[in-house]
Amino acid sequence: MSDRLKKIFSEKEPRTKLISYFVGCYPDYDQSLSLMKEAIDNGVSILEIGYVTSEASAEGSIIKKAHDHVLSNGGNLNDIINLVKDLRSYSDKIGIVLMGYIANLYKYPIPKFVDDIKKAGADAVLVVDAPHELKEENQLREALNKNGLSLIKLAAPTTDDNRLKDIINIASGFLYQVNVSGVTGDKSADETDVANFVKRIKILTNIPVCSGFGIKSPKDAKKMANSGCNGVIVGSTFVKYIQDNLSAPELTKSFGKQVKSFSEVLK
Amino acid sequence: MTKNSYKTGPDELGYFGEGDAAMGGMAVGETLMPVLHELNQGFEDAIKDQSFLDEFDYHCKHYIGRPSPLYFAENLTRKLGGAKILFKREHLNHTLSHKVTNSLFQVLLAKRMKKKALICESGAGQHFSATAAVAAKFGMPLTGVMGDIDIARVNQNIIKAKHYGAKLKSVPGTLKEAITEAIKTFSSNPDYAYICGSAVSSAPYPRIVQFAQSVIGREIREQSMAQEGRLPNMLIACCGGGSNLIGMIHEFLDEPEIIKIGVEAAETAALSNGTPGIMQGMKTYMLQTADGSKSLGGASLGAGIQYFSVGPQHSFLKDQGAVTYTSATDKEILEAYKLIASTEGICSALEPMAGAAELIKQAKNKPKDYLICLNLCGTGEKDLNTIQEHIGKDFE
C-alpha cells in the first residue's frame with residue numbers, strides 16, 4: 001500500500017480529491033510534462049499517467065486518438081517512467097498512478113517495471129485488462145505490495161457483491177469505481193446509479209472510492225462528489241480539451257483554468 | 001487439465017498448460033469479467049444438457065447440412081504422384097464455410113442464456129454472414145464489426161449478411177481492429193452475447209469455439225474409417241485465429257502418430273515469427289514490437305488468416321511440439337488455388353489454400369499408401385475479385 005496515497009486520502013481538504021488522467025507524452029514529452037505540472041498547481045491530488053498500446057480495449061475515440069498520436073511518435077513506457085521522475089522532483093505530494101494495459105508490462109518485464117517505477121517515484125499502477133484471474137496480475141500485485149506500492153483495482157456496474165468482496169480484499173490505495181459499462185469518454189454517468197454503487201461499496205469497505213467514467217463537466221463532478229465517493233476521476237474531458245487546443249498559444253495556462261474549474265467545486 | 005491428455009484443457013481460468021508458460025487466460029476489463037464467468041457457467045451447463053446437444057446436432061444436420069463430405073481428390077493425388085489426398089469439404093456447409101457450426105452453437109447458447117441481441121467480429125466476412133444467417137433463423141438482432149479493408153474485398157458476405165437483417169459496423173483496418181472494436185462494443189453492451197468467430201480472445205471463447213468446431217474431427221474419424229478403413233496419417237489446415245484447425249485436430253490430439261500441421265499466412269505468421277505477449281484478451285504468440293506496445297504484421301490475400309496473433313491453444317500445442325506450424329506466401333496460396341481449381345473443379349477460398357500449399361509440398365514426397373487430409377474450410381466466391389486481379393490472366 002502506498003503511504004503517499006494513504007496520506008492524500010487522510011487529508012481533510014479538498015473534501016473530494018480530483019484525479020486526472022493524462023495520456024503520457026501527449027502531445028509530446030515536454031508539453032505533457034508542463035500540462036501535468038499545471039494540473040498539480042491547480043488542485044489535482046492524483047495524476048493518472050496513461051502509457052499506450054495499440055490494442056487498448058477500453059478507450060473511446062478521444063483517448064484512442066491521443067494514444068495513436070503517441071504510438072506513431074514512438075513514445076514508450078521508458079519515456080513515461082522518465083515523466084514520473086520529473087513530476088516527482090516537481091512535487092513530493094502529488095499521487096502518481098501509471099495506467100494502461102498488461103501488454104507492455106508483460107514485455108518490460110514485470111519485476112523490472114516495478115523496480116523502475118519505484119525508483120522514479122510512482123505510487124501505484126492500474127492495469128485495465130488485468131483482472132485478478134490473470135497470472136500476470138498476481139505477479140504484479142505481489143511485486144507492488146512488496147515494494148510499498150499499490151495496484152489499483154476496478155469495480156464495474158456488472159460486478160456483483162461476491163466479486164466486489166474479492167476485489168476489495170485485494171484493493172490497495174483506492175478503489176476505481178467504473179460508473180458506466182463501456183469505453184472512456186462515451187456515455188454519461190447517472191447520478192443515482194453512481195450514488196447507489198458508492199453505497200454498495202461503502203457497506204463493504206473503508207478503502208477510498210474514486211468514481212470515474214462519464215464525468216464531463218464541473219457540474220457532473222460536483223454531483224458525483226455528492227454521491228459520497230472520495231475522489232472523482234476526469235479523463236477524456238481533459239484529453240479532449242488538450243486535443244481541441246493543441247495549437248493555442250497559451251494552452252498550458254488555459255488548461256490550468258479548466259482543471260481549476262473542476263477542483264474548485266470539490267473543495 | 002489432466003497432464004496426460006491435450007483434449008481436456010483449458011483449466012477453469014482459461015489456461016492451456018501450467019506455470020509461466022501457460023497460454024490463454026482472461027485479460028479483459030472488469031466490466032466483462034462477470035459476463036465471461038456467466039458465459040462460462042452457461043456453457044458448462046449447456047454441454048451437460050442432452051436436449052441442448054440434440055438441438056445443436058439437429059440443426060447441424062438440417063440447417064447446415066452436416067456432415068460435410070470427406071472427398072478423395074483423385075486427380076490431385078495422381079497429379080502430385082505421392083500420398084493419397086482427402087479434402088474435408090467444409091466449404092459445402094450452409095453459408096459456405098466451417099464458421100457456421102460455431103455460429104450455430106453460440107447463438108443457441110445465447111438463446112439458452114436468454115440473451116436478446118448479438119455482436120460478432122469478422123475478417124473474411126464468413127463468420128459475419130454465417131452468424132447473420134443463424135441470427136435470422138433464431139430471430140435475434142446482430143451487429144457485425146469488420147475492418148474497412150476487409151469490407152471492400154469480401155463484399156459478397158456483407159451483402160448476404162445485410163439480407164439476413166444484420167447491421168454492419170465498420171472500423172478502419174482488418175480483423176485485428178475488428179476484434180478490438182468488438183470487445184469495446186461488448187463492454188458497452190454487456191447484456192448482449194458476443195459471438196466470437198475464432199478460437200481466440202479471453203476465456204471461455206477458445207474453449208467454446210474448440211467445442212463447437214471439433215465436430216469436424218469427429219466426422220473425419222468416422223468417415224475415414226468407413227471410406228478408407230483407417231485414419232489419415234496427416235491432417236493439414238490453415239490457421240489465422242485457428243478455429244478450423246483446432247476443429248479438425250482436436251479429436252486426434254492424443255494420437256501423436258497422426259501428424260498435424262497448421263499453416264499461417266507468411267505475412268502474419270504469429271507462431272513461426274512471433275513472441276508470447278498479452279493482447280486482445282489472451283496470452284499467446286503474436287507479432288509485436290519488442291516493448292509490447294504495438295501489434296505488427298503485413299497483409300495477406302487471405303483476409304481470414306491475416307491476423308497478427310493466434311488462438312492460445314495453438315501456442316500451447318506449438319510449445320508442446322504436438323502440432324507443427326508452417327506458413328505460406330500469397331504466391332504459394334495462388335498457385336495452390338490454380339492447381340485445385342483445375343484438377344478438382346473446386347473454387348476454394350484463399351485461406352485454406354495456405355493449407356493446400358503445404359499439402360502440395362508434403363504429398364509429393366510421401367508413398368501412395370500415405371493418407372493426408374486437408375480441411376477445405378471455405379468457398380472462393382468471396383475471393384473471386386482478388387483472384388481475378390492477381391491471376392485472372394493465367395486462366396485465359
# chains A, B, ... in the order shown; residues from 1 in each chain; ligands from 1

call {"tool": "interface_residues", "arguments": {"of": "chain A", "to": "chain B", "cutoff": "8 Å", "atoms": "only C-alpha atoms", "output": "VMD selection string"}}
result
chain A and resid 52 to 59 71 76 102 to 108 128 to 131 133 to 135 154 to 160 181 to 183

call {"tool": "select_by_dssp", "arguments": {"residues": "segment 13-240 of chain A", "states": "strand (DSSP E)", "output": "ChimeraX atom specification"}}
result
/A:17-23,46-50,95-100,124-127,150-151,153-155,175-178,209-212,231-234

call {"tool": "residues_around", "arguments": {"residues": "Ile19 of chain A", "least_positions_apart": "5", "cutoff": "8 Å", "atoms": "only C-alpha atoms", "output": "list in words"}}
result
Val44, Ser45, Ile46, Leu47, Glu48, Gly231, Val232, Ile233 and Val234 of chain A

call {"tool": "write_last_selection", "arguments": {"atoms": "C-alpha atoms", "output": "PDB file, in the first residue's frame"}}
result
ATOM      1  CA  VAL A  44      -5.265  17.862  -8.787  1.00  0.00           C
ATOM      2  CA  SER A  45      -4.478  15.388  -5.999  1.00  0.00           C
ATOM      3  CA  ILE A  46      -3.540  12.377  -8.095  1.00  0.00           C
ATOM      4  CA  LEU A  47      -2.245  12.108 -11.660  1.00  0.00           C
ATOM      5  CA  GLU A  48      -3.048   9.043 -13.700  1.00  0.00           C
ATOM      6  CA  GLY A 231     -12.439  11.178  -5.400  1.00  0.00           C
ATOM      7  CA  VAL A 232     -13.606  11.851  -8.925  1.00  0.00           C
ATOM      8  CA  ILE A 233     -11.599  10.858 -11.967  1.00  0.00           C
ATOM      9  CA  VAL A 234     -11.653  13.003 -15.103  1.00  0.00           C
TER      10      VAL A 234
END

call {"tool": "closest_residue", "arguments": {"among": "A:Asn230, A:Ser150, A:Gln258, A:Ser263", "to": "Ser2 of chain A", "atoms": "only C-alpha atoms"}}
result
A:Ser150

call {"tool": "residues_around", "arguments": {"residues": "Pro208 of chain A", "least_positions_apart": "6", "cutoff": "8 Å", "atoms": "only C-alpha atoms", "output": "list in words"}}
result
Phe9, Gly173, Phe174, Leu175, Cys229, Asn230 and Gly231 of chain A

call {"tool": "write_last_selection", "arguments": {"atoms": "N, CA and C atoms", "output": "mmCIF file, in the first residue's frame"}}
result
data_model
loop_
_atom_site.group_PDB
_atom_site.id
_atom_site.type_symbol
_atom_site.label_atom_id
_atom_site.label_comp_id
_atom_site.auth_asym_id
_atom_site.auth_seq_id
_atom_site.Cartn_x
_atom_site.Cartn_y
_atom_site.Cartn_z
ATOM 1 N N PHE A 9 -5.554 10.663 1.003
ATOM 2 C CA PHE A 9 -6.962 10.450 1.353
ATOM 3 C C PHE A 9 -7.253 10.735 2.824
ATOM 4 N N GLY A 173 -4.672 1.343 -2.049
ATOM 5 C CA GLY A 173 -4.636 2.741 -2.490
ATOM 6 C C GLY A 173 -6.027 3.352 -2.541
ATOM 7 N N PHE A 174 -6.768 3.024 -3.576
ATOM 8 C CA PHE A 174 -8.188 3.375 -3.655
ATOM 9 C C PHE A 174 -8.866 2.404 -4.605
ATOM 10 N N LEU A 175 -10.179 2.374 -4.551
ATOM 11 C CA LEU A 175 -10.930 1.522 -5.471
ATOM 12 C C LEU A 175 -11.464 2.400 -6.600
ATOM 13 N N CYS A 229 -18.447 9.533 -2.797
ATOM 14 C CA CYS A 229 -17.144 8.982 -3.152
ATOM 15 C C CYS A 229 -16.037 9.900 -2.629
ATOM 16 N N ASN A 230 -14.808 9.374 -2.557
ATOM 17 C CA ASN A 230 -13.684 10.129 -2.013
ATOM 18 C C ASN A 230 -12.901 10.871 -3.085
ATOM 19 N N GLY A 231 -13.138 10.499 -4.318
ATOM 20 C CA GLY A 231 -12.439 11.178 -5.400
ATOM 21 C C GLY A 231 -13.207 11.043 -6.695
#

call {"tool": "residues_around", "arguments": {"residues": "segment 373-389 of chain B", "least_positions_apart": "5", "cutoff": "8 Å", "atoms": "only C-alpha atoms", "output": "MDAnalysis selection string"}}
result
chainID B and resid 85:92 96:98 153:157 232 234:238 244:245 248 301 334 347:353 355:356 359

call {"tool": "residues_around", "arguments": {"residues": "Lys85 of chain A", "least_positions_apart": "6", "cutoff": "12 Å", "atoms": "only C-alpha atoms", "output": "JSON, numbers by chain"}}
result
{"A": [33, 78, 79, 91, 92, 96, 116, 117, 118, 119, 120, 121, 122, 123]}

call {"tool": "write_last_selection", "arguments": {"atoms": "C-alpha atoms", "output": "PDB file, in the first residue's frame"}}
result
ATOM      1  CA  LEU A  33       5.146  17.450 -18.539  1.00  0.00           C
ATOM      2  CA  ASN A  78      10.526   4.305 -20.619  1.00  0.00           C
ATOM      3  CA  ASP A  79       9.555   7.873 -21.530  1.00  0.00           C
ATOM      4  CA  SER A  91       6.115  17.704  -6.299  1.00  0.00           C
ATOM      5  CA  ASP A  92       6.635  15.435  -3.344  1.00  0.00           C
ATOM      6  CA  ILE A  96       1.142   9.289  -9.311  1.00  0.00           C
ATOM      7  CA  ASP A 116      11.972   1.159 -12.195  1.00  0.00           C
ATOM      8  CA  ILE A 117       8.730   2.899 -11.275  1.00  0.00           C
ATOM      9  CA  LYS A 118       9.578   2.707  -7.593  1.00  0.00           C
ATOM     10  CA  LYS A 119      12.888   4.425  -8.250  1.00  0.00           C
ATOM     11  CA  ALA A 120      11.101   7.011 -10.396  1.00  0.00           C
ATOM     12  CA  GLY A 121       8.673   7.828  -7.581  1.00  0.00           C
ATOM     13  CA  ALA A 122       5.335   6.367  -8.707  1.00  0.00           C
ATOM     14  CA  ASP A 123       2.773   5.320  -6.112  1.00  0.00           C
TER      15      ASP A 123
END

call {"tool": "residues_around", "arguments": {"residues": "Leu144 of chain A", "least_positions_apart": "3", "cutoff": "9 Å", "atoms": "only C-alpha atoms", "output": "list in words"}}
result
Met1, Pro111, Val114, Asp115, Lys118, Ala124, Val125, Gln139, Leu140, Arg141, Asn147, Gly148, Leu149, Ser150 and Leu151 of chain A

call {"tool": "write_last_selection", "arguments": {"atoms": "C-alpha atoms", "output": "PDB file, in the first residue's frame"}}
result
ATOM      1  CA  MET A   1       0.000   0.000   0.000  1.00  0.00           C
ATOM      2  CA  PRO A 111       9.743  -7.291 -11.885  1.00  0.00           C
ATOM      3  CA  VAL A 114       8.119  -2.381 -10.534  1.00  0.00           C
ATOM      4  CA  ASP A 115      11.761  -1.633  -9.638  1.00  0.00           C
ATOM      5  CA  LYS A 118       9.578   2.707  -7.593  1.00  0.00           C
ATOM      6  CA  ALA A 124       0.559   2.870  -7.928  1.00  0.00           C
ATOM      7  CA  VAL A 125      -0.342   1.081 -11.138  1.00  0.00           C
ATOM      8  CA  GLN A 139       2.778 -11.282 -10.152  1.00  0.00           C
ATOM      9  CA  LEU A 140       2.382  -7.545 -10.499  1.00  0.00           C
ATOM     10  CA  ARG A 141       0.298  -7.175  -7.342  1.00  0.00           C
ATOM     11  CA  ASN A 147       7.663  -2.533  -2.608  1.00  0.00           C
ATOM     12  CA  GLY A 148       5.084  -0.465  -0.743  1.00  0.00           C
ATOM     13  CA  LEU A 149       3.215   0.447  -3.925  1.00  0.00           C
ATOM     14  CA  SER A 150      -0.442  -0.129  -4.794  1.00  0.00           C
ATOM     15  CA  LEU A 151      -2.265  -1.953  -7.546  1.00  0.00           C
TER      16      LEU A 151
END

call {"tool": "decode", "arguments": {"residues": "segment 197-247 of chain A", "atoms": "N, CA and C atoms", "output": "PDB file, in the first residue's frame"}}
result
ATOM      1  N   PHE A 197     -24.169   2.785  -6.220  1.00  0.00           N
ATOM      2  CA  PHE A 197     -22.970   1.953  -6.343  1.00  0.00           C
ATOM      3  C   PHE A 197     -21.989   2.285  -5.216  1.00  0.00           C
ATOM      4  N   VAL A 198     -21.793   3.595  -4.961  1.00  0.00           N
ATOM      5  CA  VAL A 198     -20.890   4.004  -3.872  1.00  0.00           C
ATOM      6  C   VAL A 198     -21.386   3.413  -2.553  1.00  0.00           C
ATOM      7  N   LYS A 199     -22.693   3.497  -2.352  1.00  0.00           N
ATOM      8  CA  LYS A 199     -23.284   2.966  -1.118  1.00  0.00           C
ATOM      9  C   LYS A 199     -22.987   1.460  -1.004  1.00  0.00           C
ATOM     10  N   ARG A 200     -23.160   0.764  -2.109  1.00  0.00           N
ATOM     11  CA  ARG A 200     -22.926  -0.685  -2.128  1.00  0.00           C
ATOM     12  C   ARG A 200     -21.469  -1.016  -1.751  1.00  0.00           C
ATOM     13  N   ILE A 201     -20.550  -0.181  -2.215  1.00  0.00           N
ATOM     14  CA  ILE A 201     -19.133  -0.421  -1.901  1.00  0.00           C
ATOM     15  C   ILE A 201     -18.838  -0.052  -0.449  1.00  0.00           C
ATOM     16  N   LYS A 202     -19.379   1.105  -0.020  1.00  0.00           N
ATOM     17  CA  LYS A 202     -19.061   1.635   1.314  1.00  0.00           C
ATOM     18  C   LYS A 202     -19.549   0.721   2.436  1.00  0.00           C
ATOM     19  N   ILE A 203     -20.596  -0.059   2.181  1.00  0.00           N
ATOM     20  CA  ILE A 203     -21.067  -1.025   3.176  1.00  0.00           C
ATOM     21  C   ILE A 203     -19.988  -2.075   3.442  1.00  0.00           C
ATOM     22  N   LEU A 204     -19.199  -2.357   2.413  1.00  0.00           N
ATOM     23  CA  LEU A 204     -18.237  -3.458   2.491  1.00  0.00           C
ATOM     24  C   LEU A 204     -16.824  -3.038   2.893  1.00  0.00           C
ATOM     25  N   THR A 205     -16.495  -1.769   2.765  1.00  0.00           N
ATOM     26  CA  THR A 205     -15.086  -1.389   2.946  1.00  0.00           C
ATOM     27  C   THR A 205     -14.895   0.079   3.333  1.00  0.00           C
ATOM     28  N   ASN A 206     -13.717   0.343   3.939  1.00  0.00           N
ATOM     29  CA  ASN A 206     -13.340   1.729   4.246  1.00  0.00           C
ATOM     30  C   ASN A 206     -12.357   2.292   3.232  1.00  0.00           C
ATOM     31  N   ILE A 207     -11.934   1.458   2.298  1.00  0.00           N
ATOM     32  CA  ILE A 207     -10.950   1.938   1.332  1.00  0.00           C
ATOM     33  C   ILE A 207     -11.545   3.103   0.526  1.00  0.00           C
ATOM     34  N   PRO A 208     -10.748   4.143   0.243  1.00  0.00           N
ATOM     35  CA  PRO A 208     -11.297   5.266  -0.529  1.00  0.00           C
ATOM     36  C   PRO A 208     -11.856   4.792  -1.880  1.00  0.00           C
ATOM     37  N   VAL A 209     -12.977   5.400  -2.269  1.00  0.00           N
ATOM     38  CA  VAL A 209     -13.612   5.048  -3.541  1.00  0.00           C
ATOM     39  C   VAL A 209     -13.524   6.256  -4.474  1.00  0.00           C
ATOM     40  N   CYS A 210     -12.985   6.045  -5.659  1.00  0.00           N
ATOM     41  CA  CYS A 210     -12.913   7.132  -6.636  1.00  0.00           C
ATOM     42  C   CYS A 210     -13.743   6.757  -7.850  1.00  0.00           C
ATOM     43  N   SER A 211     -14.533   7.736  -8.252  1.00  0.00           N
ATOM     44  CA  SER A 211     -15.553   7.481  -9.243  1.00  0.00           C
ATOM     45  C   SER A 211     -15.112   8.005 -10.604  1.00  0.00           C
ATOM     46  N   GLY A 212     -15.110   7.134 -11.604  1.00  0.00           N
ATOM     47  CA  GLY A 212     -14.647   7.550 -12.924  1.00  0.00           C
ATOM     48  C   GLY A 212     -15.543   7.079 -14.041  1.00  0.00           C
ATOM     49  N   PHE A 213     -15.347   7.607 -15.235  1.00  0.00           N
ATOM     50  CA  PHE A 213     -16.126   7.376 -16.461  1.00  0.00           C
ATOM     51  C   PHE A 213     -17.370   8.285 -16.452  1.00  0.00           C
ATOM     52  N   GLY A 214     -17.536   8.987 -17.542  1.00  0.00           N
ATOM     53  CA  GLY A 214     -18.765   9.753 -17.746  1.00  0.00           C
ATOM     54  C   GLY A 214     -18.856  11.064 -16.989  1.00  0.00           C
ATOM     55  N   ILE A 215     -17.718  11.601 -16.476  1.00  0.00           N
ATOM     56  CA  ILE A 215     -17.748  12.889 -15.768  1.00  0.00           C
ATOM     57  C   ILE A 215     -17.217  13.951 -16.720  1.00  0.00           C
ATOM     58  N   LYS A 216     -18.132  14.774 -17.226  1.00  0.00           N
ATOM     59  CA  LYS A 216     -17.774  15.624 -18.357  1.00  0.00           C
ATOM     60  C   LYS A 216     -17.703  17.116 -18.034  1.00  0.00           C
ATOM     61  N   SER A 217     -18.185  17.520 -16.849  1.00  0.00           N
ATOM     62  CA  SER A 217     -18.197  18.946 -16.524  1.00  0.00           C
ATOM     63  C   SER A 217     -18.023  19.113 -15.017  1.00  0.00           C
ATOM     64  N   PRO A 218     -17.673  20.338 -14.568  1.00  0.00           N
ATOM     65  CA  PRO A 218     -17.594  20.582 -13.123  1.00  0.00           C
ATOM     66  C   PRO A 218     -18.919  20.244 -12.427  1.00  0.00           C
ATOM     67  N   LYS A 219     -20.026  20.481 -13.154  1.00  0.00           N
ATOM     68  CA  LYS A 219     -21.333  20.169 -12.580  1.00  0.00           C
ATOM     69  C   LYS A 219     -21.467  18.653 -12.325  1.00  0.00           C
ATOM     70  N   ASP A 220     -21.035  17.854 -13.317  1.00  0.00           N
ATOM     71  CA  ASP A 220     -21.019  16.389 -13.141  1.00  0.00           C
ATOM     72  C   ASP A 220     -20.144  16.015 -11.944  1.00  0.00           C
ATOM     73  N   ALA A 221     -18.965  16.638 -11.875  1.00  0.00           N
ATOM     74  CA  ALA A 221     -18.008  16.305 -10.814  1.00  0.00           C
ATOM     75  C   ALA A 221     -18.629  16.573  -9.446  1.00  0.00           C
ATOM     76  N   LYS A 222     -19.310  17.697  -9.355  1.00  0.00           N
ATOM     77  CA  LYS A 222     -19.959  18.081  -8.090  1.00  0.00           C
ATOM     78  C   LYS A 222     -21.018  17.044  -7.705  1.00  0.00           C
ATOM     79  N   LYS A 223     -21.809  16.661  -8.696  1.00  0.00           N
ATOM     80  CA  LYS A 223     -22.866  15.660  -8.446  1.00  0.00           C
ATOM     81  C   LYS A 223     -22.260  14.353  -7.946  1.00  0.00           C
ATOM     82  N   MET A 224     -21.186  13.908  -8.615  1.00  0.00           N
ATOM     83  CA  MET A 224     -20.545  12.649  -8.230  1.00  0.00           C
ATOM     84  C   MET A 224     -19.970  12.766  -6.820  1.00  0.00           C
ATOM     85  N   ALA A 225     -19.393  13.951  -6.513  1.00  0.00           N
ATOM     86  CA  ALA A 225     -18.831  14.164  -5.170  1.00  0.00           C
ATOM     87  C   ALA A 225     -19.927  14.006  -4.115  1.00  0.00           C
ATOM     88  N   ASN A 226     -21.126  14.476  -4.452  1.00  0.00           N
ATOM     89  CA  ASN A 226     -22.241  14.361  -3.510  1.00  0.00           C
ATOM     90  C   ASN A 226     -22.692  12.915  -3.302  1.00  0.00           C
ATOM     91  N   SER A 227     -22.245  12.028  -4.172  1.00  0.00           N
ATOM     92  CA  SER A 227     -22.639  10.626  -4.044  1.00  0.00           C
ATOM     93  C   SER A 227     -21.906   9.937  -2.900  1.00  0.00           C
ATOM     94  N   GLY A 228     -20.911  10.621  -2.324  1.00  0.00           N
ATOM     95  CA  GLY A 228     -20.202  10.034  -1.191  1.00  0.00           C
ATOM     96  C   GLY A 228     -18.870   9.421  -1.533  1.00  0.00           C
ATOM     97  N   CYS A 229     -18.447   9.533  -2.797  1.00  0.00           N
ATOM     98  CA  CYS A 229     -17.144   8.982  -3.152  1.00  0.00           C
ATOM     99  C   CYS A 229     -16.037   9.900  -2.629  1.00  0.00           C
ATOM    100  N   ASN A 230     -14.808   9.374  -2.557  1.00  0.00           N
ATOM    101  CA  ASN A 230     -13.684  10.129  -2.013  1.00  0.00           C
ATOM    102  C   ASN A 230     -12.901  10.871  -3.085  1.00  0.00           C
ATOM    103  N   GLY A 231     -13.138  10.499  -4.318  1.00  0.00           N
ATOM    104  CA  GLY A 231     -12.439  11.178  -5.400  1.00  0.00           C
ATOM    105  C   GLY A 231     -13.207  11.043  -6.695  1.00  0.00           C
ATOM    106  N   VAL A 232     -13.032  12.004  -7.588  1.00  0.00           N
ATOM    107  CA  VAL A 232     -13.606  11.851  -8.925  1.00  0.00           C
ATOM    108  C   VAL A 232     -12.479  11.873  -9.955  1.00  0.00           C
ATOM    109  N   ILE A 233     -12.640  11.033 -10.960  1.00  0.00           N
ATOM    110  CA  ILE A 233     -11.599  10.858 -11.967  1.00  0.00           C
ATOM    111  C   ILE A 233     -12.079  11.465 -13.285  1.00  0.00           C
ATOM    112  N   VAL A 234     -11.293  12.378 -13.829  1.00  0.00           N
ATOM    113  CA  VAL A 234     -11.653  13.003 -15.103  1.00  0.00           C
ATOM    114  C   VAL A 234     -10.582  12.650 -16.129  1.00  0.00           C
ATOM    115  N   GLY A 235     -11.015  12.058 -17.231  1.00  0.00           N
ATOM    116  CA  GLY A 235     -10.054  11.620 -18.244  1.00  0.00           C
ATOM    117  C   GLY A 235     -10.297  12.260 -19.588  1.00  0.00           C
ATOM    118  N   SER A 236     -11.253  11.686 -20.326  1.00  0.00           N
ATOM    119  CA  SER A 236     -11.485  12.122 -21.705  1.00  0.00           C
ATOM    120  C   SER A 236     -11.751  13.623 -21.815  1.00  0.00           C
ATOM    121  N   THR A 237     -12.449  14.195 -20.838  1.00  0.00           N
ATOM    122  CA  THR A 237     -12.783  15.621 -20.903  1.00  0.00           C
ATOM    123  C   THR A 237     -11.514  16.466 -20.952  1.00  0.00           C
ATOM    124  N   PHE A 238     -10.521  16.120 -20.117  1.00  0.00           N
ATOM    125  CA  PHE A 238      -9.252  16.861 -20.127  1.00  0.00           C
ATOM    126  C   PHE A 238      -8.453  16.561 -21.402  1.00  0.00           C
ATOM    127  N   VAL A 239      -8.441  15.291 -21.795  1.00  0.00           N
ATOM    128  CA  VAL A 239      -7.688  14.935 -23.008  1.00  0.00           C
ATOM    129  C   VAL A 239      -8.280  15.677 -24.211  1.00  0.00           C
ATOM    130  N   LYS A 240      -9.614  15.767 -24.240  1.00  0.00           N
ATOM    131  CA  LYS A 240     -10.276  16.453 -25.351  1.00  0.00           C
ATOM    132  C   LYS A 240      -9.932  17.941 -25.352  1.00  0.00           C
ATOM    133  N   TYR A 241      -9.877  18.516 -24.165  1.00  0.00           N
ATOM    134  CA  TYR A 241      -9.530  19.936 -24.080  1.00  0.00           C
ATOM    135  C   TYR A 241      -8.153  20.173 -24.703  1.00  0.00           C
ATOM    136  N   ILE A 242      -7.222  19.303 -24.346  1.00  0.00           N
ATOM    137  CA  ILE A 242      -5.857  19.420 -24.889  1.00  0.00           C
ATOM    138  C   ILE A 242      -5.887  19.222 -26.413  1.00  0.00           C
ATOM    139  N   GLN A 243      -6.625  18.188 -26.829  1.00  0.00           N
ATOM    140  CA  GLN A 243      -6.747  17.860 -28.253  1.00  0.00           C
ATOM    141  C   GLN A 243      -7.294  19.041 -29.070  1.00  0.00           C
ATOM    142  N   ASP A 244      -8.331  19.674 -28.539  1.00  0.00           N
ATOM    143  CA  ASP A 244      -9.003  20.754 -29.269  1.00  0.00           C
ATOM    144  C   ASP A 244      -8.189  22.046 -29.290  1.00  0.00           C
ATOM    145  N   ASN A 245      -7.200  22.144 -28.389  1.00  0.00           N
ATOM    146  CA  ASN A 245      -6.468  23.408 -28.270  1.00  0.00           C
ATOM    147  C   ASN A 245      -4.972  23.254 -28.509  1.00  0.00           C
ATOM    148  N   LEU A 246      -4.621  22.218 -29.269  1.00  0.00           N
ATOM    149  CA  LEU A 246      -3.204  21.904 -29.466  1.00  0.00           C
ATOM    150  C   LEU A 246      -2.400  23.082 -30.010  1.00  0.00           C
ATOM    151  N   SER A 247      -3.031  23.874 -30.868  1.00  0.00           N
ATOM    152  CA  SER A 247      -2.264  24.972 -31.460  1.00  0.00           C
ATOM    153  C   SER A 247      -2.488  26.306 -30.737  1.00  0.00           C
TER     154      SER A 247
END
